[in-house]
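Data first, discussion second: the structure below is written as structure tokens.
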Amino acid sequence: MTEPIAPAWASAPAPPSDAPPAVVPALQLDHVSRWYGNVVAVNDVSFALGAGVTGLLGPNGAGKSTLLHLMAGLLRPSAGSVLVRGRAAWRDPAIYRDIGLVPEKEAVHPYLSGYEFALLNARLQGVPDPEGAARRAIEIVDLVDASHRPTGTYSKGMRQRAKIAGALVHEPTVLLLDEPFNGMDPRQRLHMMDLLRSMAAAGRTILFSSHILEEVERLADSILVVHAGRLAAAGDYRSIRRLMTDRPHTFRVRSSDDRRLAAALIADPAVFGAELLDGRLAVSTSDYAAFTHALPRLAAGAGITLHEVAPTNDSLESVFSYLVRR
Amino acid sequence: MNAFMPLVGVTLRGLLGRRRLALMLLLVALPVALAVLVRIGGGGRNDASGILDTLVIRTVLPLVALVLGTAALGSEIDDGTIVHLLVKPIARRWIIFASAVVAAGLTALLCVPSVILTGLLTSGLGSASVTTTFAFAVAVLVGGTAYTVVFMALSTVTSRALVIGLVYTLIWEGVIAGLLEGTRFLSIRQATLGLAAALGGKRPGSEPLDPVISVAILVVATVGALLIATRQLARFEVRGGD
Amino acid sequence: MSQAGVSGPGGNIYDLGYQSYDGPRLGRRSATGALFRSALLACFGIGRGGRAKIVPIVLGVLVVLPAVLAIGISALAAQAPGSGGDALENASPVRFATYHGLIVILVMLFAAAQGPELFGRDQRYGVLPLYFSRVLTRIDYALAKTAGLWVALLLLILVPQALLLGGRIFVAPDPVTGVGKEIASVPLFVAQGLLTAGLLGSLTALVASYTPRRAYATAIVIAIFIIPPIIVALVGNLVGDDAARILVLLSPGDVLDGTNAWIYGTIPDGPVVASLALPGLVYLAAALVGIVGATGLTIRRYLTIRA
């Protein structure tokens, strides 16, 4: 099995934008809402995205697809504005030169083969060498063997990759992907993640949605958490974690004398719980910064050696479950 | 416009599904079969205008235009595959125009030969027959285009375009516009018949519309439909739900 | 048997009271009956939202309208002195013999609108395996759905005529003579109703089961009803009566016109059909062949469909 080639342009820097020196964010949403009658699908969401990979995280029904459609100019915002490189996304076909969209629900024309679909996209985009671009895109997504079969015969993962190929033919600076790893096997997923990472490193803006935390944790530089149409959090998830002060941090500590360390820690006002469990010390603290200063000081003062200090609920999963339960 | 031919290509491939094509061929073959029957069984030449008026213009043409017109864009909107055409730096009017050309072209390609065969088989190759046949062929070409484009515009407005189009052609054109004088202007059927009559193809006993008015109706219908469809597609929104 | 709660040193299993069903199960008949009932209700939009009820209600009102109007006129006529009432009644265009001609298009539209729902939805949403992995067989499925459509159409045809019957009985000078006068009509309109519901229902079932896209099925059903009479008329005028006599038997609308005329001993409504003067039994045979053939092909469709 030959390793598919990463495209030369993926590592090439993104073309300079014609925007004025003050950096125009690639994607900007400003108090965007979208409702259908009485149902509010997106509720006053604002954020700006630049180069790098951002994960759009949320449970099913949170409004992820709606947000992606809004950003792709396929839905009109009921309120607020959606700007792509400074231009409004709604009713402006010119923005599609810079955007590639990989929708989740929408099908690919079943009578077209994978290659023909990529070729159609290349021609409609006005790419100078459509056949070459289509072939390259098909190679990137590792669909060469099946590329001459109609997409109606494809498995779900293959259809997904065909859509990605179609979105890559014109080397967009902004790539929007709706649940892109759905139906991919682990090898394809790793390969796709590598591809997206290299594109982001070259200055492109990648936004992908998912409800699977491991994917987001592995790939995204920063996250947007949506829940019931609202933006619950934005940024690097570890920083978000630190902002969650009303939720105790827990640490797992192994030391040369856990019991004495526990007694010393309880005396400190930053700590409000210490528990001996399974040969380890589990410490709960409300103040992350104070605790990180206090722990080595207390240990050194009591003559205890620390063997292991690890946060136990710092994962994206715990961050996420906290955010969507508020 | 480089993107125009690919748009035409993908619309054409979408329309040429096996079942749909077979059904359409069956429909346009009916008048021809009837013409053969009439020629053989009816003993010699006959006036073709009866068949061409009642079976082709009033029945087969609107049905073919309805199926092809609503399927050109409608099936893509239904499936969701139209999204791939919309997220491209192409003005929406080109998508509409490409679909209109393909659908109307296919309608003409199916119906005009049917008219020619029916007319000449029924009435032979005399000059009167050729005149009648030619008149109906042109009427079918122009009227068919109007029908197809109008139904295509309908499919951008509602997801139930086929049924509404059926109601339009059966009830509105079939019953009401025939009865109430004032509403004849709102009937593509009457305009098509008027055009045929102006060129020499008139069913004895019928009172067609004035030729200038007929052409005006057909042109206005076609252009209006194209404008409406472009406007609708420019404001296209995907269906809701996460 | 439910799993009782178990506890041990390392963990616990809790008894949630789940129970499997061990009791008696109703069999194939009951399942088929349930499917038939749900098909019948679906035809009238019962159990679906408001939008699904629009077409059945509108068409339902329209089929009953002539009967209601006729009863009203009869009631007025009965008040007229002398035998003027009777004459008025016989001159009324709304009689059992003419009722078919009045409402057959409405019945056809009902079948065209509701039939594709019955057969197309299950195919489009891929739920046929759920049905076929149950007690009821594929033939049961096809027949239950078709029967549901038949009965729905039958109701649409018979209810207004029953109303007309009731109206006529009670408008008569006394109910007993009324019954005596009108009772003879009952087997007639029931027979024509059965033929109409049977033929329209079977043809719709056939088209709908082969055409999962509902809008196309509706269009095809309407076309089957509307196009053949045009062709028959043209053939009759341009070719000759013999050819027309064969073609007319392929036209469901004309066949039903013919059976109606034969049952009531009147002349068919359509001028072309009337001029052909085929013996009524031929129309009856054509109708029966149509019903059996279409139903058979529908069954064949569901026997061979991949699910």
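We label chains A, B, ... in the order they appear in the structure tokens, count residues from 1 in each chain, and number ligands from 1 in the order shown.
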With the cut-off set at 10 Å and counting only C-alpha atoms, tabulate each residue of stretch 193-228 of chain C with an atom at most that distance from an atom of stretch 55-62 of chain B, showing the nearest atom pair and its distance in Å to one decimal, ordered by chain and increasing number, as a tab-separated table.
```
residue	atom	partner	partner_atom	distance
C:Ala223	CA	B:Thr59	CA	8.9
C:Ile226	CA	B:Thr59	CA	8.9
C:Ile227	CA	B:Thr59	CA	7.3
C:Pro228	CA	B:Leu55	CA	10.0
```
Next, dump the selected residues to file, keeping only N, CA and C atoms, as a CSV table (one decimal), in the first residue's frame.
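Okay, this is what ended up in selection.csv:
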```csv
chain,number,residue,atom,x,y,z
C,223,ALA,N,-52.3,10.0,-15.4
C,223,ALA,CA,-52.2,9.8,-16.8
C,223,ALA,C,-52.9,8.6,-17.3
C,226,ILE,N,-56.5,9.5,-17.7
C,226,ILE,CA,-56.8,10.6,-18.6
C,226,ILE,C,-56.4,10.4,-20.1
C,227,ILE,N,-55.3,9.8,-20.3
C,227,ILE,CA,-54.8,9.8,-21.7
C,227,ILE,C,-55.6,8.8,-22.6
C,228,PRO,N,-55.8,7.5,-22.1
C,228,PRO,CA,-56.5,6.6,-23.0
C,228,PRO,C,-57.8,7.1,-23.6
```
Q: Provide as a VMD selection string the residues of chain C at most 12 Å from chain B, counting only C-alpha atoms.
A: chain C and resid 105 109 112 to 113 210 to 244 247
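From atom CA of A:Pro103 back to atom CA of A:Arg135, the distance works out to 21.0 Å.
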Q | Long-range neighbours of A:Ile99 as a PyMOL selection string, 8 Å cut-off, only C-alpha atoms, 3 positions minimum in chain | A | chain A and resi 72+95-96+172-176
Q. Taking the backbone alone, and naming residues the way the document does, which bits of stretch 87-247 of chain A are alpha helix (DSSP H) by DSSP, as a ChimeraX atom specification?
A. /A:114-125,130-140,156-168,186-201,213-219,237-243
Could I get the residues of chain A with an atom no further than 8 Å from an atom of chain B, each paired with its nearest atom pair and that distance in Å to one decimal, using only C-alpha atoms, sorted by chain and residue number, as a Markdown table?
```
| residue | atom | partner | partner_atom | distance |
| --- | --- | --- | --- | --- |
| A:Tyr36 | CA | B:Gly240 | CA | 7.9 |
| A:Asn60 | CA | B:Asp242 | CA | 7.1 |
| A:Gly61 | CA | B:Asp242 | CA | 5.1 |
| A:Ala62 | CA | B:Asp242 | CA | 7.1 |
| A:Gly63 | CA | B:Asp242 | CA | 5.6 |
| A:Lys64 | CA | B:Asp242 | CA | 6.6 |
| A:Ser65 | CA | B:Asp242 | CA | 5.2 |
| A:Thr66 | CA | B:Asp242 | CA | 6.0 |
| A:His69 | CA | B:Val238 | CA | 7.7 |
| A:Ala72 | CA | B:Val87 | CA | 7.4 |
| A:Leu74 | CA | B:Glu237 | CA | 5.2 |
| A:Leu75 | CA | B:Glu237 | CA | 4.9 |
| A:Arg76 | CA | B:Glu237 | CA | 7.1 |
| A:Arg91 | CA | B:Ala234 | CA | 6.3 |
| A:Pro93 | CA | B:Pro89 | CA | 4.6 |
| A:Ala94 | CA | B:Pro89 | CA | 4.8 |
| A:Ile95 | CA | B:Pro89 | CA | 6.8 |
| A:Tyr96 | CA | B:Pro89 | CA | 5.1 |
| A:Arg97 | CA | B:Pro89 | CA | 5.9 |
| A:Gly100 | CA | B:Val87 | CA | 7.9 |
| A:Leu101 | CA | B:Val87 | CA | 7.4 |
| A:Lys105 | CA | B:Gly80 | CA | 8.0 |
| A:Glu106 | CA | B:Gly80 | CA | 4.9 |
| A:Ala107 | CA | B:Thr81 | CA | 5.4 |
| A:Val108 | CA | B:Thr81 | CA | 5.7 |
| A:His109 | CA | B:Thr81 | CA | 6.1 |
| A:Tyr111 | CA | B:Gly14 | CA | 7.7 |
| A:Leu120 | CA | B:Pro6 | CA | 6.5 |
| A:Asn121 | CA | B:His84 | CA | 7.7 |
| A:Arg123 | CA | B:Ala3 | CA | 6.1 |
| A:Leu124 | CA | B:Ala3 | CA | 4.8 |
| A:Gln125 | CA | B:Lys88 | CA | 5.8 |
| A:Gly126 | CA | B:Asn2 | CA | 6.9 |
```
